[in-house]
>>> print(open('input-v3.txt').read())   # compact mmCIF, C-alpha atoms
# COMPACT_ATOMS: atom_id res chain seq x y z
CA MET S 1293 78.02 -23.90 46.92
CA SER S 1294 75.98 -21.60 49.16
CA GLU S 1295 73.08 -22.89 51.24
CA ASP S 1296 70.54 -21.06 49.05
CA LYS S 1297 71.97 -22.46 45.84
CA LEU S 1298 71.97 -25.96 47.33
CA LEU S 1299 68.32 -25.56 48.37
CA VAL S 1300 67.43 -24.34 44.87
CA LYS S 1301 69.22 -27.32 43.32
CA LYS S 1302 67.41 -29.77 45.63
CA THR S 1303 64.05 -28.10 44.92
CA ILE S 1304 64.59 -28.39 41.18
CA GLU S 1305 65.42 -32.07 41.73
CA GLY S 1306 62.01 -32.52 43.42
CA ASP S 1307 62.69 -31.94 47.12
CA ASP S 1308 59.83 -29.62 48.13
CA LYS S 1309 61.09 -29.46 51.75
CA SER S 1310 64.05 -27.48 50.42
CA PHE S 1311 61.73 -24.84 49.00
CA GLU S 1312 59.91 -24.68 52.34
CA MET S 1313 63.27 -23.85 53.92
CA ILE S 1314 63.77 -21.06 51.36
CA VAL S 1315 60.33 -19.67 52.17
CA LYS S 1316 61.00 -19.77 55.92
CA LYS S 1317 64.30 -17.96 55.43
CA TYR S 1318 63.01 -15.17 53.19
CA GLU S 1319 59.32 -14.84 54.05
CA ASN S 1320 59.69 -12.08 56.65
CA PRO S 1321 62.22 -10.00 54.68
CA ILE S 1322 59.98 -10.14 51.59
CA ILE S 1323 56.84 -9.27 53.59
CA ASN S 1324 58.68 -6.34 55.19
CA TYR S 1325 60.05 -5.12 51.86
CA ILE S 1326 56.68 -5.29 50.11
CA GLY S 1327 54.73 -3.97 53.10
CA GLN S 1328 57.00 -1.00 53.64
CA THR S 1329 57.03 -0.25 49.92
CA ILE S 1330 53.32 -0.44 49.15
CA ARG S 1331 52.20 0.50 52.69
CA ASN S 1332 49.50 -2.17 52.88
CA TYR S 1333 50.26 -5.11 55.17
CA ASN S 1334 47.42 -7.38 54.05
CA LEU S 1335 48.30 -6.86 50.40
CA ALA S 1336 51.95 -7.49 51.30
CA LEU S 1337 51.02 -10.91 52.66
CA GLU S 1338 49.14 -11.72 49.46
CA PHE S 1339 51.95 -10.42 47.25
CA THR S 1340 54.52 -12.41 49.21
CA GLN S 1341 52.66 -15.62 48.44
CA GLU S 1342 52.52 -14.64 44.78
CA VAL S 1343 56.26 -13.82 44.75
CA PHE S 1344 57.14 -17.24 46.17
CA LEU S 1345 54.81 -18.92 43.68
CA LYS S 1346 56.51 -17.06 40.81
CA ALA S 1347 59.92 -17.94 42.22
CA TYR S 1348 58.99 -21.61 42.52
CA LYS S 1349 57.75 -21.74 38.94
CA ALA S 1350 60.87 -19.95 37.68
CA LEU S 1351 63.52 -21.72 39.77
CA HIS S 1352 64.90 -23.41 36.66
CA THR S 1353 65.79 -19.93 35.32
CA PHE S 1354 67.85 -18.98 38.39
CA ASN S 1355 71.47 -18.35 37.43
CA PRO S 1356 73.76 -19.58 40.24
CA LYS S 1357 76.41 -16.97 39.41
CA TYR S 1358 74.11 -14.44 41.14
CA THR S 1359 72.85 -14.50 44.71
CA PHE S 1360 69.46 -16.07 45.31
CA LYS S 1361 68.47 -13.25 47.65
CA THR S 1362 68.96 -10.68 44.89
CA TRP S 1363 67.03 -12.84 42.41
CA LEU S 1364 64.11 -13.22 44.84
CA PHE S 1365 64.00 -9.50 45.68
CA LYS S 1366 64.04 -8.76 41.94
CA ILE S 1367 60.90 -10.88 41.54
CA ALA S 1368 59.29 -8.98 44.44
CA SER S 1369 60.34 -5.64 42.96
CA ASN S 1370 58.86 -6.54 39.58
CA HIS S 1371 55.65 -7.67 41.28
CA ILE S 1372 55.37 -4.28 42.99
CA ILE S 1373 56.02 -2.48 39.70
CA ASP S 1374 53.27 -4.55 38.03
CA HIS S 1375 50.93 -3.61 40.88
CA TRP S 1376 51.72 0.08 40.48
CA ARG S 1377 51.22 -0.11 36.71
CA LYS S 1378 47.81 -1.69 37.17
CA LYS S 1379 46.93 0.84 39.83
CA LYS S 1380 48.39 3.68 37.73
CA ILE S 1381 49.94 5.44 40.68
CA GLU S 1382 50.04 9.15 40.21
CA TYR S 1383 53.56 10.52 40.50
CA ILE S 1384 53.75 13.84 42.24
CA SER S 1385 56.40 16.30 43.27
CA ILE S 1386 58.41 15.43 46.36
CA ASP S 1387 57.35 18.79 47.78
CA HIS S 1388 53.67 17.88 47.48
CA PRO S 1389 52.28 16.25 50.66
CA ILE S 1390 51.08 12.68 50.17
CA LYS S 1391 47.83 11.60 51.83
CA GLU S 1392 48.19 8.83 54.37
CA ASN S 1393 47.29 5.39 53.05
CA GLU S 1394 44.45 4.25 55.28
CA ASN S 1395 44.79 0.62 54.16
CA PHE S 1396 48.18 0.09 55.79
CA SER S 1397 48.30 -0.95 59.38
CA PRO S 1398 51.46 -2.48 60.76
CA PRO S 1399 50.98 -5.70 62.67
CA GLN S 1400 50.24 -5.17 66.34
CA ILE S 1401 51.70 -7.57 68.87
CA GLU S 1402 50.11 -7.71 72.27
CA SER S 1403 52.31 -7.60 75.32
CA ASN S 1404 51.43 -8.59 78.85
CA GLU S 1405 54.20 -6.40 80.24
CA MET S 1406 53.75 -2.84 81.35
CA VAL S 1407 55.09 -0.41 78.78
CA ALA S 1408 58.17 1.30 80.15
CA PRO S 1409 58.68 4.98 79.31
CA LYS S 1410 61.57 4.09 77.00
CA GLN S 1411 59.44 1.54 75.13
CA LEU S 1412 56.66 4.10 74.80
CA GLU S 1413 59.14 6.67 73.52
CA LEU S 1414 60.48 4.19 70.95
CA ARG S 1415 56.96 3.27 69.85
CA GLU S 1416 56.08 6.94 69.37
CA LEU S 1417 59.26 7.45 67.37
CA GLY S 1418 58.39 4.40 65.27
CA ILE S 1419 54.96 5.88 64.52
CA LYS S 1420 56.57 9.19 63.50
CA ILE S 1421 58.99 7.35 61.22
CA GLU S 1422 56.13 5.36 59.65
CA LYS S 1423 54.25 8.60 58.95
CA ALA S 1424 57.36 10.22 57.53
CA LEU S 1425 57.94 7.16 55.32
CA ASP S 1426 54.41 7.59 53.97
CA LEU S 1427 55.43 11.05 52.75
CA LEU S 1428 58.29 9.73 50.63
CA PRO S 1429 57.65 9.17 46.93
CA PRO S 1430 57.25 5.42 46.29
CA ARG S 1431 60.47 5.10 44.25
CA LEU S 1432 62.54 6.64 47.06
CA ARG S 1433 60.69 4.80 49.84
CA GLU S 1434 61.33 1.46 48.12
CA LEU S 1435 65.08 2.03 47.89
CA PHE S 1436 65.24 3.31 51.48
CA VAL S 1437 63.39 0.21 52.70
CA CYS S 1438 65.72 -2.08 50.75
CA ARG S 1439 68.82 -0.44 52.20
CA HIS S 1440 67.87 0.38 55.78
CA MET S 1441 65.14 -2.09 56.66
CA ASN S 1442 66.21 -5.13 54.64
CA ASP S 1443 69.97 -4.49 54.89
CA LEU S 1444 70.54 -4.94 51.17
CA SER S 1445 73.80 -3.57 49.85
CA TYR S 1446 73.81 -0.78 47.29
CA GLN S 1447 75.09 -3.32 44.76
CA GLU S 1448 72.24 -5.74 45.50
CA ILE S 1449 69.68 -2.95 45.18
CA ALA S 1450 71.25 -1.84 41.90
CA GLU S 1451 70.95 -5.40 40.55
CA ILE S 1452 67.34 -5.73 41.73
CA LYS S 1453 66.25 -2.38 40.29
CA ASN S 1454 68.51 -2.36 37.19
CA LEU S 1455 69.99 0.97 38.22
CA PRO S 1456 73.57 2.18 38.45
CA VAL S 1457 74.99 1.93 41.98
CA GLY S 1458 75.56 5.70 42.03
CA THR S 1459 71.88 6.32 41.28
CA VAL S 1460 70.86 3.97 44.08
CA LYS S 1461 73.18 5.75 46.54
CA ASN S 1462 71.85 9.12 45.44
CA ARG S 1463 68.21 8.13 45.79
CA VAL S 1464 68.76 6.50 49.19
CA PHE S 1465 70.48 9.71 50.28
CA GLN S 1466 67.53 11.76 48.94
CA ALA S 1467 65.13 9.52 50.84
CA LYS S 1468 67.14 9.93 54.07
CA GLU S 1469 67.22 13.71 53.65
CA LEU S 1470 63.47 13.90 53.00
CA LEU S 1471 62.81 11.60 55.92
CA ARG S 1472 65.02 13.73 58.16
CA THR S 1473 63.23 16.88 57.00
CA HIS S 1474 59.80 15.38 57.67
CA LEU S 1475 60.88 14.12 61.09
CA GLU S 1476 62.36 17.49 62.06
CA GLU S 1477 59.06 19.16 61.15
CA LYS S 1478 57.15 16.70 63.37
CA LEU S 1479 59.51 16.73 66.37
>>> encode(input="input-v3.txt", output="structure tokens")
Amino acid sequence: MSEDKLLVKKTIEGDDKSFEMIVKKYENPIINYIGQTIRNYNLALEFTQEVFLKAYKALHTFNPKYTFKTWLFKIASNHIIDHWRKKKIEYISIDHPIKENENFSPPQIESNEMVAPKQLELRELGIKIEKALDLLPPRLRELFVCRHMNDLSYQEIAEIKNLPVGTVKNRVFQAKELLRTHLEEKL
């Protein structure tokens, strides 16, 4: 039995410390996934709490033949979809420029060290990538984030999004190509 499945079993049996361990393990990946997908860090923190609350309440429905990670990301994905439905996001052509979301600001970590030229260069590249990510349509950005920022396999993403693996691969490829195009225009 995997560590996650054992923690789920113990949580269902009443050991709340086990669920705390689950939260500690998956909190940052879920925050990153939601934050990169909806482009609002503060809302991502709020949604992450809601995702873990939903997961806790639904632990008894978890099927151990699947991975817990996939199950948890599925809950997060559905939460994002519910958010978009409520917000009624306007879908637009991938050729149409998307306005920058002013609500999203990545967390800033202070450093007492002097910024070396390489670090500055990497930071500038990171900013360019963030801006290029903002230009991706939400459905492509979400899949790109799952694959390249959360290291989910194509199969895991397909299970989370209820899509064929080929569709996931195609959309991740489309996202990479759009991202590359946007970055080439900016560089």
>>> closest_residue(input="input-v3.txt", among="S:Tyr1348, S:Trp1376, S:Phe1465, S:Tyr1325", to="Tyr1446 of chain S", atoms="all atoms listed in the file")
S:Phe1465
>>> closest_residue(input="input-v3.txt", among="S:Ile1304, S:Leu1427, S:Ala1368, S:Ile1419", to="Pro1321 of chain S", atoms="only C-alpha atoms")
S:Ala1368
>>> closest_residue(input="input-v3.txt", among="S:Leu1444, S:Thr1459, S:Ile1421, S:Pro1430", to="Glu1476 of chain S", atoms="all atoms listed in the file")
S:Ile1421
>>> closest_residue(input="input-v3.txt", among="S:Ile1449, S:Ile1330, S:Lys1349, S:Phe1344", to="Met1313 of chain S", atoms="all atoms listed in the file")
S:Phe1344
>>> atom_distance(input="input-v3.txt", atom1="atom CA of His1371 of chain S", atom2="atom CA of Glu1342 of chain S")
8.4 Å
>>> closest_residue(input="input-v3.txt", among="S:Leu1425, S:Leu1345, S:Leu1435, S:Ala1350", to="Thr1473 of chain S", atoms="only C-alpha atoms")
S:Leu1425
>>> closest_residue(input="input-v3.txt", among="S:Arg1431, S:Lys1301, S:His1440, S:Arg1463", to="His1352 of chain S", atoms="only C-alpha atoms")
S:Lys1301
>>> residues_around(input="input-v3.txt", residues="Ile1372 of chain S", least_positions_apart="4", cutoff="10 Å", atoms="only C-alpha atoms", output="list in words")
Ile1326, Thr1329, Ile1330, Ala1336, Phe1339, Val1343, Lys1366, Ile1367, Ala1368, Trp1376, Arg1377, Lys1378 and Glu1434 of chain S
>>> atom_distance(input="input-v3.txt", atom1="atom CA of Ile1323 of chain S", atom2="atom CA of Glu1338 of chain S")
9.1 Å
>>> residues_around(input="input-v3.txt", residues="segment 1359-1363 of chain S", least_positions_apart="3", cutoff="7 Å", atoms="all atoms listed in the file", output="NGL selection string")
:S and (1296-1297 or 1356 or 1366-1367 or 1448 or 1452)
>>> atom_distance(input="input-v3.txt", atom1="atom CA of Thr1353 of chain S", atom2="atom CA of Thr1303 of chain S")
12.7 Å
>>> residues_around(input="input-v3.txt", residues="Gln1328 of chain S", least_positions_apart="6", cutoff="10 Å", atoms="all atoms listed in the file", output="PyMOL selection string")
chain S and resi 1322+1336+1396+1398+1422+1425-1426+1430+1433-1434+1436-1438+1441
>>> residues_around(input="input-v3.txt", residues="Leu1471 of chain S", least_positions_apart="4", cutoff="7 Å", atoms="all atoms listed in the file", output="count of residues only")
4
